[in-house]
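What's in query_38.txt: compact mmCIF, C-alpha atoms and all ligand atoms
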# COMPACT_ATOMS: atom_id res chain seq x y z
CA MET A 446 19.54 -19.70 -23.54
CA LYS A 447 19.28 -17.03 -20.85
CA VAL A 448 18.69 -13.49 -22.01
CA ALA A 449 18.48 -10.10 -20.30
CA VAL A 450 17.53 -6.69 -21.67
CA ARG A 451 18.82 -3.50 -20.09
CA TYR A 452 18.55 0.06 -21.37
CA TYR A 453 19.49 3.63 -20.59
CA THR A 454 17.20 6.39 -21.83
CA LYS A 455 16.88 10.12 -21.50
CA THR A 456 13.85 10.77 -23.69
CA GLY A 457 12.20 7.34 -23.94
CA ASN A 458 13.39 6.20 -27.36
CA THR A 459 15.69 3.45 -26.12
CA LYS A 460 13.05 2.28 -23.66
CA ARG A 461 10.60 1.75 -26.53
CA LEU A 462 13.16 -0.24 -28.50
CA ALA A 463 14.08 -2.23 -25.39
CA GLU A 464 10.44 -3.13 -24.74
CA SER A 465 10.03 -4.32 -28.29
CA ILE A 466 13.15 -6.48 -27.95
CA GLY A 467 12.03 -7.73 -24.53
CA ASN A 468 8.63 -8.76 -25.90
CA ALA A 469 10.28 -10.53 -28.80
CA VAL A 470 12.60 -12.61 -26.63
CA GLY A 471 10.24 -13.08 -23.67
CA VAL A 472 12.01 -11.12 -20.93
CA GLU A 473 11.24 -7.86 -19.20
CA ALA A 474 13.24 -4.88 -20.43
CA LEU A 475 14.68 -3.13 -17.39
CA PRO A 476 16.70 0.06 -16.85
CA ILE A 477 20.42 -0.30 -16.15
CA SER A 478 19.73 0.63 -12.54
CA THR A 479 18.61 -3.02 -12.22
CA PRO A 480 21.81 -5.09 -11.96
CA ILE A 481 22.43 -8.43 -13.64
CA THR A 482 22.37 -10.88 -10.77
CA GLU A 483 21.78 -14.20 -12.54
CA PRO A 484 24.12 -15.44 -15.29
CA VAL A 485 22.95 -14.70 -18.85
CA ASP A 486 24.20 -15.86 -22.23
CA ILE A 487 23.13 -12.66 -23.96
CA LEU A 488 22.73 -9.16 -22.61
CA PHE A 489 20.91 -6.81 -24.97
CA LEU A 490 22.14 -3.36 -24.00
CA GLY A 491 20.27 -0.29 -25.23
CA ASN A 492 22.02 3.07 -25.20
CA SER A 493 22.41 6.25 -27.25
CA TYR A 494 24.65 9.16 -28.04
CA TYR A 495 24.49 12.26 -25.86
CA ALA A 496 26.90 15.04 -26.78
CA PHE A 497 28.99 12.68 -28.91
CA SER A 498 29.38 9.98 -26.29
CA ILE A 499 27.57 7.38 -24.26
CA ASP A 500 26.23 8.43 -20.88
CA PRO A 501 28.62 7.85 -17.93
CA GLU A 502 25.92 5.70 -16.34
CA VAL A 503 26.15 3.29 -19.27
CA ARG A 504 29.93 3.22 -18.99
CA ASP A 505 29.68 2.48 -15.25
CA PHE A 506 27.06 -0.21 -15.83
CA VAL A 507 29.30 -2.05 -18.31
CA LYS A 508 32.34 -1.55 -16.06
CA GLY A 509 30.41 -3.15 -13.23
CA LEU A 510 29.40 -6.26 -15.17
CA ASP A 511 30.81 -9.61 -14.10
CA LYS A 512 32.41 -11.40 -17.05
CA ASN A 513 31.49 -14.71 -15.46
CA LYS A 514 27.83 -13.75 -15.55
CA VAL A 515 27.50 -12.25 -19.03
CA GLY A 516 28.27 -14.37 -22.10
CA LYS A 517 28.14 -11.50 -24.56
CA ILE A 518 26.68 -8.05 -25.10
CA VAL A 519 24.45 -7.18 -28.03
CA ASN A 520 24.31 -3.44 -28.58
CA PHE A 521 21.16 -1.63 -29.70
CA GLY A 522 19.93 1.94 -29.80
CA SER A 523 19.23 5.05 -31.78
CA ALA A 524 20.82 8.43 -32.35
CA ALA A 525 19.93 11.62 -34.18
CA MET A 526 23.08 12.03 -36.26
CA LEU A 527 25.80 9.60 -35.31
CA ASN A 528 25.69 6.02 -36.47
CA SER A 529 26.31 3.78 -33.55
CA THR A 530 27.64 3.67 -30.01
CA TYR A 531 29.13 0.25 -30.70
CA LYS A 532 32.79 1.27 -30.47
CA LYS A 533 32.23 3.28 -27.28
CA VAL A 534 30.51 0.37 -25.56
CA LYS A 535 33.05 -2.14 -26.88
CA ALA A 536 35.94 -0.11 -25.49
CA VAL A 537 34.52 -0.59 -22.00
CA ALA A 538 33.41 -4.20 -22.57
CA ASP A 539 36.94 -5.07 -23.75
CA LYS A 540 38.36 -3.82 -20.47
CA VAL A 541 35.93 -5.98 -18.52
CA GLY A 542 36.59 -8.96 -20.79
CA ILE A 543 33.06 -9.41 -22.10
CA PRO A 544 32.70 -10.06 -25.84
CA MET A 545 30.44 -7.89 -27.98
CA ASP A 546 28.45 -9.49 -30.76
CA GLU A 547 29.46 -7.90 -34.07
CA ARG A 548 25.82 -7.51 -34.94
CA GLU A 549 23.83 -4.64 -33.50
CA PHE A 550 20.55 -2.83 -34.02
CA HIS A 551 20.67 0.86 -34.76
CA CYS A 552 18.13 3.34 -36.12
CA LYS A 553 17.44 7.06 -36.12
CA GLY A 554 16.07 8.59 -32.92
CA GLU A 555 14.01 11.75 -32.59
CA PHE A 556 15.88 14.70 -31.13
CA LYS A 557 14.62 18.28 -31.02
CA GLY A 558 12.19 17.80 -33.90
CA ILE A 559 14.65 15.92 -36.13
CA HIS A 560 13.53 12.39 -37.15
CA LYS A 561 10.07 12.96 -35.71
CA GLY A 562 8.41 9.80 -34.42
CA LYS A 563 11.60 7.72 -34.64
CA PRO A 564 12.03 4.97 -33.61
CA ASP A 565 8.70 4.27 -35.33
CA GLU A 566 6.62 1.12 -35.69
CA SER A 567 8.82 -0.27 -38.44
CA ASP A 568 11.96 0.31 -36.35
CA MET A 569 10.31 -1.46 -33.42
CA LYS A 570 9.43 -4.39 -35.65
CA ALA A 571 12.95 -4.51 -37.08
CA ALA A 572 14.45 -4.45 -33.57
CA ALA A 573 12.20 -7.35 -32.55
CA GLU A 574 13.18 -9.36 -35.64
CA PHE A 575 16.85 -8.61 -35.01
CA ALA A 576 16.61 -9.85 -31.41
CA LYS A 577 14.75 -13.03 -32.41
CA LYS A 578 17.47 -13.80 -34.92
CA ILE A 579 20.24 -13.31 -32.35
CA VAL A 580 18.52 -15.50 -29.79
CA GLY A 581 17.65 -18.11 -32.41
CA ASP A 582 21.30 -18.58 -33.43
C1 LIG A 601 21.13 15.69 -24.28
C2 LIG A 601 21.14 15.01 -25.62
C3 LIG A 601 22.32 15.00 -26.39
C4 LIG A 601 22.37 14.34 -27.63
N1 LIG A 601 23.53 14.32 -28.36
C5 LIG A 601 23.58 13.61 -29.54
C6 LIG A 601 24.80 13.51 -30.30
O1 LIG A 601 25.84 14.02 -29.91
N2 LIG A 601 24.76 12.81 -31.46
C7 LIG A 601 23.64 12.19 -31.93
O2 LIG A 601 23.67 11.56 -32.98
N3 LIG A 601 22.47 12.26 -31.22
C8 LIG A 601 22.42 12.95 -30.06
N4 LIG A 601 21.25 13.02 -29.33
C9 LIG A 601 20.08 12.32 -29.85
C10 LIG A 601 19.84 11.00 -29.16
O3 LIG A 601 20.91 10.11 -29.34
C11 LIG A 601 18.56 10.39 -29.73
O4 LIG A 601 17.50 11.31 -29.57
C12 LIG A 601 18.21 9.07 -29.05
O5 LIG A 601 17.12 8.51 -29.74
C13 LIG A 601 17.87 9.32 -27.61
O6 LIG A 601 17.51 8.12 -26.98
P1 LIG A 601 16.69 8.16 -25.61
O7 LIG A 601 15.35 8.77 -25.90
O8 LIG A 601 16.59 6.73 -25.23
O9 LIG A 601 17.48 8.96 -24.65
C14 LIG A 601 21.20 13.68 -28.12
C15 LIG A 601 20.02 13.69 -27.32
C16 LIG A 601 19.98 14.33 -26.09
C17 LIG A 601 18.72 14.30 -25.29
Starting from the file, give its structure as structure tokens.
Amino acid sequence: MKVAVRYYTKTGNTKRLAESIGNAVGVEALPISTPITEPVDILFLGNSYYAFSIDPEVRDFVKGLDKNKVGKIVNFGSAAMLNSTYKKVKAVADKVGIPMDEREFHCKGEFKGIHKGKPDESDMKAAAEFAKKIVGD
């Protein structure tokens, strides 16, 4: 099973989750500026809400994925108020023809003093457990 972890972050929260997931599944978590060059069965993709949407860089990254190189996308991330970017990412993935796993990891993320310290240690642990379960399937 080949696995990759990519993330987009503005304030570091998604990077921390991505590193926890990367450690759990034994691959380096890299920013989305690092393209997927080798085929992978699972791409863990970390992203968040910014002004009610995903960042255009995340959209472009997914748009640029090769469906012959990515078996499926597993979404993960955090947000301050909204629940999940799943639908936004899936809308782009559908266009490219890459399936999204129905399961995802989502938790609260600190933003301007709200949810201070989130994702915290327990979120990091939960993200790692989530990733191990996905890869173990
Ligand atoms: C510029 C900006 C805009 C944001 N807009 C939203 C938003 O519309 N809805 C929401 O739930 N969270 C919003 N947030 C909160 C982020 O989704 C949250 O802090 C997340 O953990 C950030 O992840 P990051 O540190 O990896 O960038 C915003 C954060 C920033 C920095």
Q) If you count all atoms listed in the file, which residues end up within 8 Å of ligand LIG 601 (chain A), as a count of residues only? A) 32
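Compared by their closest atoms to Asp539 (chain A), and using only C-alpha atoms, the residues A:Lys512, A:Pro476, A:Gly562, A:His551 rank with A:Lys512 nearest.
Taking only C-alpha atoms, the non-local environment of Lys540 (chain A) within 9 Å (same-chain residues fewer than 4 positions away omitted) comprises Lys508, Lys535 and Ala536 of chain A.
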Let's have the selection written as a short mmCIF file (atom, residue, chain, number, x, y, z; two decimals), in the frame of the given file, with C-alpha atoms.
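What landed in selection06.cif:
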data_model
loop_
_atom_site.label_atom_id
_atom_site.label_comp_id
_atom_site.auth_asym_id
_atom_site.auth_seq_id
_atom_site.Cartn_x
_atom_site.Cartn_y
_atom_site.Cartn_z
CA LYS A 508 32.34 -1.55 -16.06
CA LYS A 535 33.05 -2.14 -26.88
CA ALA A 536 35.94 -0.11 -25.49
#
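What separates CA of Asp511 (chain A) from CA of Val485 (chain A) is a distance of 10.5 Å.
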Q) Hey, what's within 12 Å of region 479-483 of chain A if we count all atoms listed in the file and toss same-chain stuff fewer than 4 positions away? As number ranges by chain, please? A) A: 447-453, 473-475, 487-490, 503, 505-516
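Of note, CA of Asp565 (chain A) and CA of Gly471 (chain A) are spaced 21.0 Å apart.
Across the model, the gap from CA of Lys578 (chain A) to CA of Asp486 (chain A) is 14.5 Å.
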Emit as AutoDock Vina command-line options the padded axis-aligned box for all listed atoms of region 516-520 of chain A, 8 Å per side, with centre and edge lengths in Å to one decimal.
--center_x 26.3 --center_y -8.9 --center_z -25.3 --size_x 20.0 --size_y 26.9 --size_z 22.5
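Using only C-alpha atoms, the smallest distance between any of A:Thr530, A:Leu462, A:Ile579, A:His560 and Asp500 (chain A) comes from A:Thr530.
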Could the residues of region 458-554 of chain A that have an atom at most 9 Å from region 567-575 of chain A be listed as a tab-separated table, each with its closest atom pair and the distance in Å to one decimal, counting all atoms listed in the file and ordered by chain and ascending residue number?
residue	atom	partner	partner_atom	distance
A:Arg461	CA	A:Met569	CA	7.6
A:Leu462	CA	A:Met569	CA	5.8
A:Ala463	CA	A:Ala572	CA	8.5
A:Glu464	CA	A:Met569	CA	8.8
A:Ser465	CA	A:Ala573	CA	5.7
A:Ile466	CA	A:Ala573	CA	4.8
A:Gly467	CA	A:Ala573	CA	8.0
A:Asn468	CA	A:Ala573	CA	7.7
A:Ala469	CA	A:Ala573	CA	5.3
A:Val470	CA	A:Ala573	CA	7.9
A:Phe521	CA	A:Ala572	CA	8.2
A:Glu549	CA	A:Phe575	CA	8.2
A:Phe550	CA	A:Ala572	CA	6.3
A:His551	CA	A:Ala572	CA	8.3
A:Cys552	CA	A:Asp568	CA	6.9
A:Lys553	CA	A:Asp568	CA	8.7
Print the selection's residues with C-alpha atoms to a file, as a compact mmCIF listing (two decimals), in the coordinates of the input.
# COMPACT_ATOMS: atom_id res chain seq x y z
CA ARG A 461 10.60 1.75 -26.53
CA LEU A 462 13.16 -0.24 -28.50
CA ALA A 463 14.08 -2.23 -25.39
CA GLU A 464 10.44 -3.13 -24.74
CA SER A 465 10.03 -4.32 -28.29
CA ILE A 466 13.15 -6.48 -27.95
CA GLY A 467 12.03 -7.73 -24.53
CA ASN A 468 8.63 -8.76 -25.90
CA ALA A 469 10.28 -10.53 -28.80
CA VAL A 470 12.60 -12.61 -26.63
CA PHE A 521 21.16 -1.63 -29.70
CA GLU A 549 23.83 -4.64 -33.50
CA PHE A 550 20.55 -2.83 -34.02
CA HIS A 551 20.67 0.86 -34.76
CA CYS A 552 18.13 3.34 -36.12
CA LYS A 553 17.44 7.06 -36.12
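Residue nearest Met545 (chain A), chosen from A:Arg504, A:Lys577, A:Lys532, A:Lys561 and counting all atoms listed in the file: A:Lys532.
Among the candidates A:Val541, A:Val519, A:Val472, A:Val534, the residue lying nearest to Pro501 (chain A) is A:Val534 (atoms considered: all atoms listed in the file).
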